[in-house]
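J.: My questions will all concern the structure given below.
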Amino acid sequence: MIKKLICAAVCCLLLVGLVLPAAAIAGKQDVLECCFTSNSKNLKIFVRGKMSDDVKIGIANKEYESTVNSKSVEIRTIFMIDDTASVPKDMREPVKKSIVDYAKRMPSNESVRIVSLNKEISSLSDGYTRDASSVEHILTKITFEQIGSHVYDGIKQAIEQLYGDDDAYYRLVVMTDGVVESGGSVSFDYLRGMIETGSRYHIDLIQIASVSDVPENTNMKSLAMLSSNTFHMMYNSNTDISYLVPGDVSLLKVEMNNGLTTGQSRGITVIEGTQKTDIGSVYFPQADVGIEPKDDAAGKNENGTPFLVIAIILAAVLIVLVGVAVFIILWLNGKQKVVVMSVRIVKEDLRDKQDVGPREWRFPVKGEFRVGRTLTPMDSNGHAKGKNDYAICETADPSLATGIGRNAFAIRYDEQKHRCIIANTAEKARFFIQAGDMQQQVDPHNSTELDINMSILLGHYTTVDVESIKVITCSKKELSKR
């Protein structure tokens with residue numbers, strides 16, 4: 001009875017406390033690009049979808065008005081294609097065809113430009129075109145006969161030379177085999193800093209390969225995660241790039257003043273009604289734009305929000321926190337059935353001593369235990385996958401790391417058979433189950449029974465020995481200590 005009363009009180013607290021701040025946790029906008037005009041007088045933010053006319057931009061601890069264009073934003077896409085002989089021969093025509101197919105599907109407000117890449121970039125046309133047949137003709141100039149590709153130099157040159165100062169949305173699609181030749185003047189660290197601490201340029205990275213199991217270029221993928229969050233492996237059965245079509249784009253434009261253009265990094269937030277999207281920290285150039293900052297109105301804080309509203313919001317948040325705390329205490333003390341599996345991880349390559357020895361894996365009978373080479377895996381398109389409970393990675397040789405899938409396997413419990421089931425949840429990698437002298441291969445999307453004295457043969461040299469399995473009853477708090 002006491003528990004029921006406490007739960008009822010918690011619900012009431014949550015209902016009252018969430019009335020004011022509820023809208024603040026609504027959906028967020030997808031920011032595509034953030035950059036300054038060459039004279040530093042305006043900050044341009046491009047957002048996916050259509051925005052209302054009432055959008056403010058939070059910079060550091062102040063809000064600024066913005067002009068919004070949601071109807072006629074021109075999209076100018078630059079395809080930068082690796083023109084060197086290292087691009088697989090069987091992928092050269094599919095690469096060209098994928099761009100032509102893209103041009104046929106793009107909206108009427110989008111146009112493309114083709115640029116070749118070797119030790120520097122070369123524009124293969126005078127400007128941009130919307131005509132797919134023109135794109136196909138321009139692509140005949142790509143011969144894949146050049147030697148050496150300075151990818152980082154090419155990205156920097158494309159941004160500095162081809163991005164205009166108008167209100168069009170410029171985006172760069174880089175298509176390369178991932179082989180970065182030495183000798184270029186731009187390093188990976190410089191380019192990463194240019195994107196991470198400077199403007200948020202939109203760069204899609206596509207790595208060209210003959211087969212699907214070619215290792216991903218980690219530097220290329222890192223650049224994609226910093227800019228567009230789009231990294232794609234292109235091989236013969238996977239050449240469709242229509243997912244890159246951006247759809248509707250809105251432009252938010254903010255006038256700068258001398259209080260902002262001081263050569264410092266500042267946090268930026270897009271505010272549409274009660275929705276807020278944090279862009280992160282962006283470097284503001286040092287320049288005299290001829291406009292002095294205005295003083296804030298009296299009786300408001302630096303964000304222009306009355307103190308009374310802030311006090312009410314803080315009180316509401318406090319009520320929510322108290323209610324959540326009580327709810328968590330009750331939830332953590334609830335009992336449930338839990339599978340406890342004792343395993344021993346062995347690695348045959350003695351150079352790799354990471355994550356070896358005995359481990360205890362716990363998971364609810366009605367849940368599962370996920371294992372992969374990383375705790376927060378991404379799929380081949382750079383989208384987040386389900387979070388893993390444990391990570392095992394082979395570090396003796398970086399080229400072997402992909403032998404263990406992003407999501408390698410999931411262990412579940414069959415209450416009817418009183419047996420554990422292991423399922424292969426990797427995209428491409430496989431593993432083996434060994435019982436005595438018998439081995440069973442488990443391919444992606446397949447599963448089999450897992451019992452004590454069995455072993456999971458994972459990656460290139462990793463073995464997980466199952467020493468014991470038992471089902472116990474414990475609280476959620478005890479389960480969280482696994």
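Numbering starts fresh at 1 for the residues of each chain in the structure tokens, the chains themselves are lettered A, B, ... in the order given, and ligands are numbered from 1 as they appear.
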Step one, run DSSP on the backbone; step two, keep only residues of stretch 150-359 of chain A assigned to strand (DSSP E); then write them as a VMD selection string.
T.: chain A and resid 169 to 176 203 to 208 231 to 234 249 to 255 265 to 272 275 to 283 335 to 347 357 to 359
J.: The selected residues should be written to file as a PDB file, in the first residue's frame (atoms: C-alpha atoms).
T.:
```pdb
ATOM      1  CA  TYR A 169      23.868  25.788 -49.623  1.00  0.00           C
ATOM      2  CA  TYR A 170      27.210  24.345 -50.751  1.00  0.00           C
ATOM      3  CA  ARG A 171      28.006  20.710 -49.932  1.00  0.00           C
ATOM      4  CA  LEU A 172      30.933  18.482 -50.860  1.00  0.00           C
ATOM      5  CA  VAL A 173      30.704  14.770 -51.728  1.00  0.00           C
ATOM      6  CA  VAL A 174      34.147  13.120 -51.764  1.00  0.00           C
ATOM      7  CA  MET A 175      34.439   9.791 -53.633  1.00  0.00           C
ATOM      8  CA  THR A 176      37.828   8.094 -53.172  1.00  0.00           C
ATOM      9  CA  ILE A 203      31.267  16.868 -46.290  1.00  0.00           C
ATOM     10  CA  ASP A 204      29.950  13.427 -47.286  1.00  0.00           C
ATOM     11  CA  LEU A 205      32.674  10.766 -47.566  1.00  0.00           C
ATOM     12  CA  ILE A 206      32.261   7.752 -49.870  1.00  0.00           C
ATOM     13  CA  GLN A 207      34.989   5.096 -49.881  1.00  0.00           C
ATOM     14  CA  ILE A 208      35.167   3.112 -53.143  1.00  0.00           C
ATOM     15  CA  PHE A 231      30.291   7.790 -44.383  1.00  0.00           C
ATOM     16  CA  HIS A 232      29.459   5.195 -47.028  1.00  0.00           C
ATOM     17  CA  MET A 233      31.334   2.153 -48.364  1.00  0.00           C
ATOM     18  CA  MET A 234      30.604   1.823 -52.107  1.00  0.00           C
ATOM     19  CA  VAL A 249      16.707  23.206 -46.774  1.00  0.00           C
ATOM     20  CA  SER A 250      16.227  26.416 -44.764  1.00  0.00           C
ATOM     21  CA  LEU A 251      18.768  29.222 -44.364  1.00  0.00           C
ATOM     22  CA  LEU A 252      19.104  31.129 -41.095  1.00  0.00           C
ATOM     23  CA  LYS A 253      21.182  34.286 -41.375  1.00  0.00           C
ATOM     24  CA  VAL A 254      22.457  36.338 -38.435  1.00  0.00           C
ATOM     25  CA  GLU A 255      24.081  39.768 -38.647  1.00  0.00           C
ATOM     26  CA  SER A 265      35.018  30.197 -30.138  1.00  0.00           C
ATOM     27  CA  ARG A 266      31.403  30.421 -28.987  1.00  0.00           C
ATOM     28  CA  GLY A 267      28.560  27.959 -28.557  1.00  0.00           C
ATOM     29  CA  ILE A 268      25.634  28.283 -30.983  1.00  0.00           C
ATOM     30  CA  THR A 269      22.018  27.188 -30.446  1.00  0.00           C
ATOM     31  CA  VAL A 270      19.126  27.283 -32.939  1.00  0.00           C
ATOM     32  CA  ILE A 271      15.902  28.269 -31.131  1.00  0.00           C
ATOM     33  CA  GLU A 272      12.530  27.730 -32.837  1.00  0.00           C
ATOM     34  CA  GLN A 275      12.770  23.680 -29.507  1.00  0.00           C
ATOM     35  CA  LYS A 276      16.507  24.151 -29.087  1.00  0.00           C
ATOM     36  CA  THR A 277      19.272  22.575 -31.156  1.00  0.00           C
ATOM     37  CA  ASP A 278      22.854  22.848 -29.916  1.00  0.00           C
ATOM     38  CA  ILE A 279      25.326  23.169 -32.806  1.00  0.00           C
ATOM     39  CA  GLY A 280      28.391  23.168 -30.586  1.00  0.00           C
ATOM     40  CA  SER A 281      31.330  25.543 -30.408  1.00  0.00           C
ATOM     41  CA  VAL A 282      32.264  27.493 -33.561  1.00  0.00           C
ATOM     42  CA  TYR A 283      35.232  29.815 -34.117  1.00  0.00           C
ATOM     43  CA  LYS A 335      13.274  -7.967  -8.064  1.00  0.00           C
ATOM     44  CA  GLN A 336      13.734  -9.839 -11.331  1.00  0.00           C
ATOM     45  CA  LYS A 337      15.281 -13.036 -12.735  1.00  0.00           C
ATOM     46  CA  VAL A 338      18.795 -12.565 -14.033  1.00  0.00           C
ATOM     47  CA  VAL A 339      21.156 -14.799 -16.038  1.00  0.00           C
ATOM     48  CA  VAL A 340      24.699 -14.839 -14.624  1.00  0.00           C
ATOM     49  CA  MET A 341      27.295 -16.176 -17.066  1.00  0.00           C
ATOM     50  CA  SER A 342      30.936 -16.628 -16.036  1.00  0.00           C
ATOM     51  CA  VAL A 343      33.302 -16.493 -19.000  1.00  0.00           C
ATOM     52  CA  ARG A 344      37.041 -16.387 -19.575  1.00  0.00           C
ATOM     53  CA  ILE A 345      38.450 -14.355 -22.477  1.00  0.00           C
ATOM     54  CA  VAL A 346      41.656 -15.717 -24.034  1.00  0.00           C
ATOM     55  CA  LYS A 347      43.688 -14.104 -26.840  1.00  0.00           C
ATOM     56  CA  GLY A 357      40.822 -13.107 -18.157  1.00  0.00           C
ATOM     57  CA  PRO A 358      37.638 -13.969 -16.231  1.00  0.00           C
ATOM     58  CA  ARG A 359      34.491 -11.889 -16.626  1.00  0.00           C
TER      59      ARG A 359
END
```
J.: Which residues come within 9 Å of stretch 159-165 of chain A, counting only C-alpha atoms, excluding same-chain residues fewer than 6 positions away, as number ranges by chain?
T.: A: 36-38, 76, 78, 171-172, 201
J.: Can I get the selection written as a short mmCIF file (atom, residue, chain, number, x, y, z; two decimals), in the first residue's frame, with N, CA and C atoms?
T.:
```cif
data_model
loop_
_atom_site.label_atom_id
_atom_site.label_comp_id
_atom_site.auth_asym_id
_atom_site.auth_seq_id
_atom_site.Cartn_x
_atom_site.Cartn_y
_atom_site.Cartn_z
N PHE A 36 30.59 31.37 -42.13
CA PHE A 36 30.55 32.83 -42.19
C PHE A 36 30.74 33.30 -43.63
N THR A 37 30.18 34.48 -43.95
CA THR A 37 30.50 35.10 -45.23
C THR A 37 31.95 35.56 -45.20
N SER A 38 32.53 35.80 -46.37
CA SER A 38 33.96 36.14 -46.44
C SER A 38 34.28 37.45 -45.73
N ARG A 76 23.88 23.53 -54.01
CA ARG A 76 24.96 23.31 -54.97
C ARG A 76 25.88 22.22 -54.44
N ILE A 78 28.94 19.58 -54.88
CA ILE A 78 30.21 19.37 -55.58
C ILE A 78 30.62 17.91 -55.40
N ARG A 171 27.64 21.96 -50.61
CA ARG A 171 28.01 20.71 -49.93
C ARG A 171 28.97 19.94 -50.81
N LEU A 172 29.87 19.20 -50.16
CA LEU A 172 30.93 18.48 -50.86
C LEU A 172 30.76 16.98 -50.66
N TYR A 201 31.44 22.72 -42.01
CA TYR A 201 31.18 22.43 -43.41
C TYR A 201 30.56 21.05 -43.56
#
```
J.: Find, counting only C-alpha atoms, the residue in A:Phe369, A:Met256, A:Pro364, A:His460 that gets nearest to A:Cys393.
T.: A:His460
J.: Report, in Å to a single decimal, how far apart atom CA of A:Cys420 and atom CA of A:Glu449 are.
T.: 5.9 Å
J.: Determine the nearest neighbour of A:Arg48 from the options A:Asp414, A:Asp30, A:Asp349, A:Asp355, counting only C-alpha atoms.
T.: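 Distance minimum relative to A:Arg48 lands on A:Asp30.
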J.: Residues within 10 Å of A:Gly382, please, as a list of chain:residue names. Count only C-alpha atoms; anything in the same chain fewer than 4 positions from it doesn't count.
T.: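 The filter keeps A:Lys221, A:Ala224, A:Met225, A:Ser228, A:Asn229, A:Thr230, A:Phe231, A:His232, A:Pro377, A:Met378.
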J.: Quick one: everything within 9 Å of A:Lys141, counting only C-alpha atoms, minus sequence neighbours fewer than 4 positions away in the same chain. Send it as a compact mmCIF listing (two decimals) with N, CA and C atoms, in the first residue's frame.
T.:
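As a result, selection.txt now contains:
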```txt
# COMPACT_ATOMS: atom_id res chain seq x y z
N SER A 116 37.65 16.75 -60.42
CA SER A 116 38.54 15.59 -60.33
C SER A 116 39.60 15.84 -59.28
N LEU A 124 35.91 20.28 -63.83
CA LEU A 124 35.69 19.76 -65.18
C LEU A 124 34.58 20.50 -65.91
N HIS A 137 28.13 13.59 -69.69
CA HIS A 137 29.18 13.99 -70.62
C HIS A 137 30.42 14.48 -69.88
```
J.: In Å, how far is it from atom CA of A:Ala132 to atom CA of A:Arg105?
T.: 9.1 Å
J.: Got a sec to tell me which of stretch 10-151 of chain A DSSP assigns to helix (DSSP H, G or I), as a VMD selection string?
T.: chain A and resid 10 to 17 22 to 25 89 to 105 132 to 139 151
J.: Kindly save the residues from that selection, with C-alpha atoms included, as a PDB file, in the first residue's frame.
T.:
```pdb
ATOM      1  CA  VAL A  10       5.484  10.447  -8.040  1.00  0.00           C
ATOM      2  CA  CYS A  11       3.064  10.525 -10.983  1.00  0.00           C
ATOM      3  CA  CYS A  12       1.436  13.692  -9.668  1.00  0.00           C
ATOM      4  CA  LEU A  13       4.810  15.352  -9.204  1.00  0.00           C
ATOM      5  CA  LEU A  14       5.853  14.426 -12.729  1.00  0.00           C
ATOM      6  CA  LEU A  15       2.624  15.760 -14.235  1.00  0.00           C
ATOM      7  CA  VAL A  16       2.965  19.091 -12.408  1.00  0.00           C
ATOM      8  CA  GLY A  17       6.684  19.413 -12.954  1.00  0.00           C
ATOM      9  CA  ALA A  22       7.937  19.699 -21.468  1.00  0.00           C
ATOM     10  CA  ALA A  23       8.173  21.640 -24.700  1.00  0.00           C
ATOM     11  CA  ALA A  24      11.869  22.254 -24.188  1.00  0.00           C
ATOM     12  CA  ILE A  25      12.647  18.583 -24.824  1.00  0.00           C
ATOM     13  CA  LYS A  89      38.791  -0.876 -62.259  1.00  0.00           C
ATOM     14  CA  ASP A  90      35.506  -2.706 -61.754  1.00  0.00           C
ATOM     15  CA  MET A  91      34.130   0.289 -59.814  1.00  0.00           C
ATOM     16  CA  ARG A  92      34.996   3.121 -62.209  1.00  0.00           C
ATOM     17  CA  GLU A  93      31.891   2.957 -64.378  1.00  0.00           C
ATOM     18  CA  PRO A  94      29.558   2.216 -61.406  1.00  0.00           C
ATOM     19  CA  VAL A  95      30.911   5.378 -59.705  1.00  0.00           C
ATOM     20  CA  LYS A  96      30.061   7.498 -62.753  1.00  0.00           C
ATOM     21  CA  LYS A  97      26.654   5.868 -63.129  1.00  0.00           C
ATOM     22  CA  SER A  98      25.800   6.511 -59.462  1.00  0.00           C
ATOM     23  CA  ILE A  99      26.397  10.253 -59.982  1.00  0.00           C
ATOM     24  CA  VAL A 100      24.289  10.353 -63.151  1.00  0.00           C
ATOM     25  CA  ASP A 101      21.467   8.522 -61.330  1.00  0.00           C
ATOM     26  CA  TYR A 102      21.759  11.036 -58.490  1.00  0.00           C
ATOM     27  CA  ALA A 103      21.452  13.939 -60.962  1.00  0.00           C
ATOM     28  CA  LYS A 104      18.246  12.414 -62.334  1.00  0.00           C
ATOM     29  CA  ARG A 105      16.688  12.303 -58.852  1.00  0.00           C
ATOM     30  CA  ALA A 132      21.759  14.672 -66.058  1.00  0.00           C
ATOM     31  CA  SER A 133      22.952  14.244 -69.663  1.00  0.00           C
ATOM     32  CA  SER A 134      25.430  17.102 -69.185  1.00  0.00           C
ATOM     33  CA  VAL A 135      26.668  15.442 -66.016  1.00  0.00           C
ATOM     34  CA  GLU A 136      27.160  12.179 -67.935  1.00  0.00           C
ATOM     35  CA  HIS A 137      29.183  13.993 -70.624  1.00  0.00           C
ATOM     36  CA  ILE A 138      31.355  15.782 -68.045  1.00  0.00           C
ATOM     37  CA  LEU A 139      32.143  12.461 -66.350  1.00  0.00           C
ATOM     38  CA  VAL A 151      42.597  13.971 -50.449  1.00  0.00           C
TER      39      VAL A 151
END
```
J.: When you count only C-alpha atoms, which of these residues is closest to A:Pro293: A:Lys62, A:Leu32, A:Ile319, A:Val356?
T.: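 Closest to A:Pro293 of all the choices is A:Lys62.
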J.: To one decimal place, how far is atom CA of A:Val371 from atom CA of A:Gln439 in Å?
T.: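 Result for atom CA of A:Val371 versus atom CA of A:Gln439: 20.3 Å, one decimal.
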J.: Go through A:Thr463, A:Leu43, A:Arg351, A:Glu415 one by one, measure the shortest atom-to-atom distance of each to A:Thr261 using only C-alpha atoms, and give the residue with the smallest value.
T.: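 Of A:Thr463, A:Leu43, A:Arg351, A:Glu415, the one nearest A:Thr261 is A:Leu43, counting only C-alpha atoms.
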J.: Please provide the set of residues having any atom within 8 Å of stretch 395-408 of chain A, restricted to only C-alpha atoms, with same-chain residues fewer than 5 positions apart removed, written as an MDAnalysis selection string.
T.: chainID A and resid 215 349 351:352 354 370:374 377:379 388 424:430 458:460
J.: Next, the residues of the selection above should be written as an mmCIF file, in the first residue's frame with N, CA and C atoms.
T.:
```cif
data_model
loop_
_atom_site.group_PDB
_atom_site.id
_atom_site.type_symbol
_atom_site.label_atom_id
_atom_site.label_comp_id
_atom_site.auth_asym_id
_atom_site.auth_seq_id
_atom_site.Cartn_x
_atom_site.Cartn_y
_atom_site.Cartn_z
ATOM 1 N N PRO A 215 38.709 -2.794 -45.361
ATOM 2 C CA PRO A 215 38.677 -2.004 -44.117
ATOM 3 C C PRO A 215 38.330 -0.543 -44.378
ATOM 4 N N ASP A 349 47.150 -14.138 -29.584
ATOM 5 C CA ASP A 349 48.227 -13.206 -29.922
ATOM 6 C C ASP A 349 48.663 -12.493 -28.647
ATOM 7 N N ARG A 351 50.589 -10.166 -28.130
ATOM 8 C CA ARG A 351 50.771 -8.710 -28.189
ATOM 9 C C ARG A 351 49.522 -7.978 -27.693
ATOM 10 N N ASP A 352 48.414 -8.662 -27.696
ATOM 11 C CA ASP A 352 47.132 -8.065 -27.314
ATOM 12 C C ASP A 352 46.744 -8.571 -25.930
ATOM 13 N N GLN A 354 44.611 -6.735 -23.945
ATOM 14 C CA GLN A 354 43.439 -5.949 -23.540
ATOM 15 C C GLN A 354 42.222 -6.850 -23.352
ATOM 16 N N ARG A 370 24.568 -7.905 -25.182
ATOM 17 C CA ARG A 370 25.133 -7.630 -26.509
ATOM 18 C C ARG A 370 26.631 -7.393 -26.414
ATOM 19 N N VAL A 371 27.366 -8.008 -27.329
ATOM 20 C CA VAL A 371 28.827 -7.882 -27.358
ATOM 21 C C VAL A 371 29.252 -7.476 -28.768
ATOM 22 N N GLY A 372 30.185 -6.530 -28.863
ATOM 23 C CA GLY A 372 30.731 -6.106 -30.154
ATOM 24 C C GLY A 372 32.106 -5.510 -29.951
ATOM 25 N N ARG A 373 32.677 -4.950 -31.038
ATOM 26 C CA ARG A 373 34.029 -4.405 -30.902
ATOM 27 C C ARG A 373 34.037 -2.985 -30.342
ATOM 28 N N THR A 374 32.838 -2.413 -30.139
ATOM 29 C CA THR A 374 32.743 -1.091 -29.538
ATOM 30 C C THR A 374 31.431 -1.005 -28.771
ATOM 31 N N PRO A 377 28.287 1.318 -31.325
ATOM 32 C CA PRO A 377 28.574 1.038 -32.734
ATOM 33 C C PRO A 377 27.774 1.892 -33.698
ATOM 34 N N MET A 378 28.348 2.101 -34.907
ATOM 35 C CA MET A 378 27.673 2.788 -36.004
ATOM 36 C C MET A 378 27.601 1.812 -37.176
ATOM 37 N N ASP A 379 26.550 1.927 -38.006
ATOM 38 C CA ASP A 379 26.471 1.053 -39.174
ATOM 39 C C ASP A 379 27.305 1.624 -40.313
ATOM 40 N N ASN A 388 25.974 -1.703 -27.167
ATOM 41 C CA ASN A 388 26.456 -2.986 -26.668
ATOM 42 C C ASN A 388 26.689 -2.925 -25.154
ATOM 43 N N ASN A 424 24.061 -14.242 -33.990
ATOM 44 C CA ASN A 424 25.019 -13.394 -34.698
ATOM 45 C C ASN A 424 24.310 -12.117 -35.140
ATOM 46 N N THR A 425 24.703 -10.981 -34.574
ATOM 47 C CA THR A 425 24.065 -9.695 -34.895
ATOM 48 C C THR A 425 24.987 -8.787 -35.702
ATOM 49 N N ALA A 426 26.121 -9.332 -36.199
ATOM 50 C CA ALA A 426 27.043 -8.543 -37.017
ATOM 51 C C ALA A 426 26.491 -8.372 -38.426
ATOM 52 N N GLU A 427 26.978 -7.341 -39.122
ATOM 53 C CA GLU A 427 26.551 -7.119 -40.501
ATOM 54 C C GLU A 427 27.233 -8.096 -41.450
ATOM 55 N N LYS A 428 28.531 -8.361 -41.209
ATOM 56 C CA LYS A 428 29.273 -9.226 -42.123
ATOM 57 C C LYS A 428 30.086 -10.300 -41.398
ATOM 58 N N ALA A 429 30.608 -9.978 -40.214
ATOM 59 C CA ALA A 429 31.500 -10.907 -39.526
ATOM 60 C C ALA A 429 30.769 -12.158 -39.054
ATOM 61 N N ARG A 430 31.471 -13.274 -38.969
ATOM 62 C CA ARG A 430 30.912 -14.517 -38.449
ATOM 63 C C ARG A 430 31.785 -15.004 -37.306
ATOM 64 N N LEU A 458 36.046 -15.951 -31.813
ATOM 65 C CA LEU A 458 35.646 -14.634 -32.299
ATOM 66 C C LEU A 458 36.822 -13.958 -32.986
ATOM 67 N N GLY A 459 36.562 -13.252 -34.073
ATOM 68 C CA GLY A 459 37.618 -12.491 -34.741
ATOM 69 C C GLY A 459 38.707 -13.385 -35.276
ATOM 70 N N HIS A 460 39.968 -12.986 -35.073
ATOM 71 C CA HIS A 460 41.107 -13.729 -35.619
ATOM 72 C C HIS A 460 41.816 -14.587 -34.566
#
```
